Structure formats: C-alpha cells, structure tokens
Amino acid sequence: MMEELTRETTRIALYDSTLRDGAQAEGVAFSLNDKFAATIRLDELGVDYVEGGYPASNEKDKAYFEEIVRRPLKTTQICAFGMTRRKGVRPEDDPGLAQLVASSAKIVTIVGKGSHFQAREVLGATLEENLAMIEETVRFAVDSGKRVFFDAEHYFDGWSDDSAYSMETLRAAIRGGAEAVVLCDTNGGTMSPMIGAATHSAVEVVQKFERPVVVGIHAHNDCGLAVANSLAAVMSGATMVQGTMNGLGERCGNADLLVVAANLALKFNDRYDVLTPAAIERLAAASRFFYDLTNVNPNAGQPYVGKSAFAHKGGMHVSGINRNPASYEHVPPESVGNERRILVSELSGKSNILACAKKYRLDEDGSLDSETVEKILDAIAEKENQGYQYEAADASFRLLVKKIRGEFEPSFKRINYQTSVAVTVINEKYTDAKTVATVKLSVGKRGEIRHEVAEGDGPVDALNNALRKALEPIYPELREMKLVDYKVRVLNSDAATAATTRVIIESRDGEEGWGTVGVSENVVEASWIALCDSIEYKLSKAVRDVK
C-alpha cells in the first residue's frame, strides 16, 4: 500500500501595525501605557512582529522604544518604522534615520517609493535617485546592526504602470541587505487578481537572490478587499501579512489581522501555519480588548469575532442549528473564542424560543409547552410593535418569559418618581446644571416604603443613583452591579420631540454582563423601564427571602 503523501505547511508571519497605522484612524489615540498594554496583549497572542511606532515623529514613540526593552516578551519582535533618506542627503546625515537606528528595536521597517509615478511626482526625484535612496538607506541600517524590512509603498499601482521599475525597487532593497520586501497597496484600490499576479512576480524576483528573502503584503481596505487581497498575496507566495487589530487604520482601515489569521488557520490549515490553535481560540477576546483600548464601538458584523458573527434570528435557521450547527455555521464559534447567539423577534419561530430557553436555563423543569411558547411569541410580536427589541436585551427577554409563566415576583414597585433640572447662568460662556431625582418605592414582600433623593449627571444618572440609594440597604448585592453602556434610539423621527424612543442599557457584575430595554415617548420613562429590568435581573440571580 502506498504511503499517503503529506504536504508541509508554510509558516505565515503576522506583522501588527496597530500602534502606528491603527493610530491613524479617526478618533483613535494611544497613550504610552496603551502602547505597552497592546504590545503585551499581542505578544500573548503570539503575533510575530509588532511595529511600535515612528521614533522620529514624537516623544511618546521615542519613550516607547526606550522602555519596551525592559518588558520581557515571549514571542513578539519589536519593529521601528522609518523612511528612506531624504533626497540629496546622505543616510548618515539624515536626522530621522539617526533616531531610527538609535532605537532599541532590532528590526527597522523602512518605507520607500515602489512606484515610478510616486518617485517622480511626489518625491521629485529621478528614478535612479529613488533606487539609490532605497539601497543606501537599507545598507546604512544594516551596517548599523539592524535587521531591515522594506515596505514598497504604492507597489501595486507602480507595478500596474511600470512593473519593471517597481520590481527594481525590490532589488535595490535586497542589494542593500533587506531580509523582507513588503508590497503595499497604499491606496487600497487594487483588485485581488492583480494582487496575486504582482506578488507572484515579486516572489520570482527574490528567488533569484542567493540568500532567502521574505515577500510580505500590506493591504488597505478602501475597496473592502484588504483581507481578500492579503490572502491572494499569500496564495501567490507571500509569507508575511501586515495589518491591524480589528482592521483599524487611515480612511477605510487596514487588513484585519484577526480575520486573516482565522481564515489561514481554519480554512487553509493544511497549507499554512499561523499563530497557534490556542491563540486562534482567543481571537474574539483580543478583538474586544482592542475595541476597549481604542474606545471604538465594536463592529457586530465583523467576521469570526463580531457579536453577530454567529447570531441566528430566522426560525428556519435556528431550527437547522438545533439539529446540526454546521447547517448555518461555517466554523464552530468556539474555534475563535466566540459564542452562538439565538435572537428573538417577531420573525422568530418556536425553535428560537426553545433554543433561548435552553441557553438561559428557563426550562429546567421541562414545563415550557407549546401553548406557553405561543404566548411568548405573541408577547414578543406585540412588544416589538410598540418598539421593543430583545436582540441586545437578553435580560429583559428572560424577565418577559418569567412574567408569562407566572414566575416573576417584583422586588420593588414604583409609587412615583420625578426628576428636575436646575440651570444657573454663571456668565455668557458658562452655566451650572444640577439634576435631582426623587423616587418613592414599595420594597419587598412587606411593602416597605423607601423615599430617596439623589443628584446625578443628567436625569437618568440621577434616577439610577436614587434607585440604588433606596434599594441597596435591602438588597446589598446591587453594589456589585454597574451600568456600562446607555444607548438611545429615536424610532419615529418624523414625530420630532414627541417621537418614541428606545433605550438599551448594558449592565455588568463580577460574573456576567446583560442588556435591558425600555420604550416610551418619554426618554426618561424608557430609561426607567430599562433600569428597573436591569436591577430586577440582577436580583433574580440570587435566592432571597425579603420580609
């Protein structure tokens, strides 16, 4: 019997430029401590290279390279970013290069023009001088004891116009001593077939040199193809992919390394080796970490790691998932550290309700019969007609099910509440606004009356503070709970100030997070409904006997 032939896998190195390219995204800025935290997280994930910044651009990046050498890293190698020497200046006389080679980074990434158009029109240099700038800069860095990666900026546009010259820029970098040449789709406008063809030609160029040279890809997402183009380059011989966490970057962003890694590890695992299986299972957690660090709202539809990546809403889909998850999931959600979510809405069928009941352990006694499921579906349809949505309000859904089943006993009842805002004009530029909320509640089985007043930053914060003040002496477990997000959406904007509003509140304790929803023409009342649901859900998790 013939032995089965096995194909050796090719290692694909990941080069993360979140700390530089990602910082160029609108609204994103990293503190020095942020840069250290990001580097440590990328090292824990097993990312091969981290570009720490541009030492010649600002004091913060200089401080990063001074300090990062004192922080032990397990797998990641730190790279410093810089540019070729200035036109008409010797490398040893260029102050930017001096700071680059003086940095603690053992690897420097030097960007130069990979396009004759860019060399002539942007640099104002001759084609020969551009090649000299590349080769001399790389050689200077190598002679200074650095390993060098060369980023060929605008490479694909240049290759389309004059492929011979673009490939000559790669040869210049290799002659100078570069150990990697990275092809950059700087404008993000190249289509995948051209990426593949140009990468293949670059691989042929480097293969003619005696020493090994890595070919890399640096793709921008202006046509929505950054990940696809990165994969096209890998299929054509590239063995390094540059990108950022969550695809952060200037304009439309860079290639999302999380999605690149997941595709290579799960779709091409017989051909390519990237990170480790354990790291792939932490991709979703890494995504959340970087959204929190950058204060950017997560993209729910982000492939593999987004909140909606494995969310199922249609009844037919959920029915299929219940029989076999592979019917509507291309990979198991846990393979990237994500989770399956079953959504409930007016589009739901019985399968959705049963799946949610199982997930939230709402039917442990097996009493969720068809009649009850129909009541739940009718209630959801009625609620959604009023403006409610339960996709981001799992706690409100659980409370709704308990109410329909007659299992809900409120921990408190509202007698009344009121809010007031007093604005004092200090001068033409400044005013002082104070918000006060008063709540009067009947609490516990005995109906103890609690009447409290609290201030806050706006009516919702004041109401929350007053509620806590009234309830925490009786329910001390509420001290573990905090509100982490508050969202308001106007449902019928044509009604102007009388429009119906939907409020979503996200809360968290030491164990889990949950969402609640409230709807009303009055935004304060909608907030009150969501706040009360959040508190009731927290209290429902504990077994109590309040007298």
# chains A, B, ... in the order shown; residues from 1 in each chain; ligands from 1

call {"tool": "closest_atom_pairs", "arguments": {"of": "segment 12-128 of chain A", "to": "segment 157-164 of chain A", "cutoff": "10 Å", "atoms": "only C-alpha atoms", "output": "Markdown table"}}
result
| residue | atom | partner | partner_atom | distance |
| --- | --- | --- | --- | --- |
| A:Lys113 | CA | A:Gly158 | CA | 8.9 |
| A:Gly114 | CA | A:Gly158 | CA | 6.3 |
| A:Ser115 | CA | A:Gly158 | CA | 3.9 |
| A:His116 | CA | A:Gly158 | CA | 6.2 |
| A:Phe117 | CA | A:Gly158 | CA | 6.9 |
| A:Gln118 | CA | A:Gly158 | CA | 8.0 |
| A:Ala119 | CA | A:Gly158 | CA | 9.8 |

call {"tool": "residues_around", "arguments": {"residues": "Asn187 of chain A", "least_positions_apart": "6", "cutoff": "9 Å", "atoms": "only C-alpha atoms", "output": "JSON, numbers by chain"}}
result
{"A": [154, 157, 219, 220, 221, 222]}

call {"tool": "atom_distance", "arguments": {"atom1": "atom CA of Pro476 of chain A", "atom2": "atom CA of Ala392 of chain A"}}
result
26.6 Å

call {"tool": "atom_distance", "arguments": {"atom1": "atom CA of Ala202 of chain A", "atom2": "atom CA of Val241 of chain A"}}
result
14.8 Å

call {"tool": "select_by_dssp", "arguments": {"residues": "segment 333-489 of chain A", "states": "helix (DSSP H, G or I)", "output": "ChimeraX atom specification"}}
result
/A:333-336,350-359,370-386,394-404,459-471,476-480

call {"tool": "closest_residue", "arguments": {"among": "A:Ala232, A:Val453, A:Ala526, A:Met481", "to": "Gly387 of chain A", "atoms": "only C-alpha atoms"}}
result
A:Ala526

call {"tool": "residues_around", "arguments": {"residues": "Phe140 of chain A", "least_positions_apart": "6", "cutoff": "9 Å", "atoms": "only C-alpha atoms", "output": "list of chain:residue names"}}
result
A:Pro91, A:Glu92, A:Leu97, A:Val101, A:Lys146, A:Gly176

call {"tool": "closest_atom_pairs", "arguments": {"of": "segment 175-277 of chain A", "to": "segment 27-46 of chain A", "cutoff": "12 Å", "atoms": "only C-alpha atoms", "output": "CSV"}}
result
residue,atom,partner,partner_atom,distance
A:Thr244,CA,A:Leu42,CA,10.6
A:Met245,CA,A:Leu42,CA,9.3
A:Leu248,CA,A:Val28,CA,8.8
A:Gly249,CA,A:Val28,CA,9.1
A:Glu250,CA,A:Val28,CA,10.1
A:Arg251,CA,A:Gly27,CA,11.6
A:Gly253,CA,A:Val28,CA,11.9
A:Leu257,CA,A:Leu42,CA,11.1
A:Leu258,CA,A:Leu45,CA,10.5
A:Ala261,CA,A:Leu45,CA,11.1
A:Val274,CA,A:Gly46,CA,9.2
A:Leu275,CA,A:Gly46,CA,5.7
A:Thr276,CA,A:Gly46,CA,7.5
A:Pro277,CA,A:Leu45,CA,10.4

call {"tool": "write_last_selection", "arguments": {"atoms": "N, CA and C atoms", "output": "PDB file, in the first residue's frame"}}
result
ATOM      1  N   THR A 244      -3.707  45.235  11.081  1.00  0.00           N
ATOM      2  CA  THR A 244      -4.007  45.785  12.400  1.00  0.00           C
ATOM      3  C   THR A 244      -5.107  44.982  13.074  1.00  0.00           C
ATOM      4  N   MET A 245      -5.221  45.136  14.377  1.00  0.00           N
ATOM      5  CA  MET A 245      -6.315  44.531  15.117  1.00  0.00           C
ATOM      6  C   MET A 245      -7.628  45.224  14.763  1.00  0.00           C
ATOM      7  N   LEU A 248      -8.254  48.471  12.098  1.00  0.00           N
ATOM      8  CA  LEU A 248      -8.120  49.915  12.304  1.00  0.00           C
ATOM      9  C   LEU A 248      -7.104  50.501  11.333  1.00  0.00           C
ATOM     10  N   GLY A 249      -7.321  51.739  10.937  1.00  0.00           N
ATOM     11  CA  GLY A 249      -6.354  52.387  10.063  1.00  0.00           C
ATOM     12  C   GLY A 249      -6.939  53.607   9.401  1.00  0.00           C
ATOM     13  N   GLU A 250      -6.084  54.307   8.676  1.00  0.00           N
ATOM     14  CA  GLU A 250      -6.495  55.521   7.997  1.00  0.00           C
ATOM     15  C   GLU A 250      -7.549  55.221   6.934  1.00  0.00           C
ATOM     16  N   ARG A 251      -8.420  56.189   6.704  1.00  0.00           N
ATOM     17  CA  ARG A 251      -9.518  56.079   5.741  1.00  0.00           C
ATOM     18  C   ARG A 251     -10.405  54.876   6.079  1.00  0.00           C
ATOM     19  N   GLY A 253      -9.304  51.844   6.690  1.00  0.00           N
ATOM     20  CA  GLY A 253      -8.601  50.889   7.538  1.00  0.00           C
ATOM     21  C   GLY A 253      -7.643  49.991   6.781  1.00  0.00           C
ATOM     22  N   LEU A 257      -6.030  41.718  10.910  1.00  0.00           N
ATOM     23  CA  LEU A 257      -5.199  40.535  11.155  1.00  0.00           C
ATOM     24  C   LEU A 257      -5.970  39.420  11.841  1.00  0.00           C
ATOM     25  N   LEU A 258      -6.994  39.767  12.620  1.00  0.00           N
ATOM     26  CA  LEU A 258      -7.782  38.734  13.291  1.00  0.00           C
ATOM     27  C   LEU A 258      -8.504  37.856  12.267  1.00  0.00           C
ATOM     28  N   ALA A 261      -5.900  35.822  10.209  1.00  0.00           N
ATOM     29  CA  ALA A 261      -5.411  34.671  10.978  1.00  0.00           C
ATOM     30  C   ALA A 261      -6.449  33.560  11.040  1.00  0.00           C
ATOM     31  N   VAL A 274      -0.163  29.465  11.148  1.00  0.00           N
ATOM     32  CA  VAL A 274      -0.203  30.832  11.648  1.00  0.00           C
ATOM     33  C   VAL A 274      -0.590  30.822  13.122  1.00  0.00           C
ATOM     34  N   LEU A 275       0.084  31.631  13.910  1.00  0.00           N
ATOM     35  CA  LEU A 275      -0.136  31.669  15.361  1.00  0.00           C
ATOM     36  C   LEU A 275      -0.095  30.248  15.920  1.00  0.00           C
ATOM     37  N   THR A 276      -1.025  29.949  16.851  1.00  0.00           N
ATOM     38  CA  THR A 276      -1.170  28.598  17.390  1.00  0.00           C
ATOM     39  C   THR A 276      -2.663  28.316  17.532  1.00  0.00           C
ATOM     40  N   PRO A 277      -3.080  27.042  17.602  1.00  0.00           N
ATOM     41  CA  PRO A 277      -4.515  26.770  17.799  1.00  0.00           C
ATOM     42  C   PRO A 277      -5.075  27.451  19.042  1.00  0.00           C
TER      43      PRO A 277
END
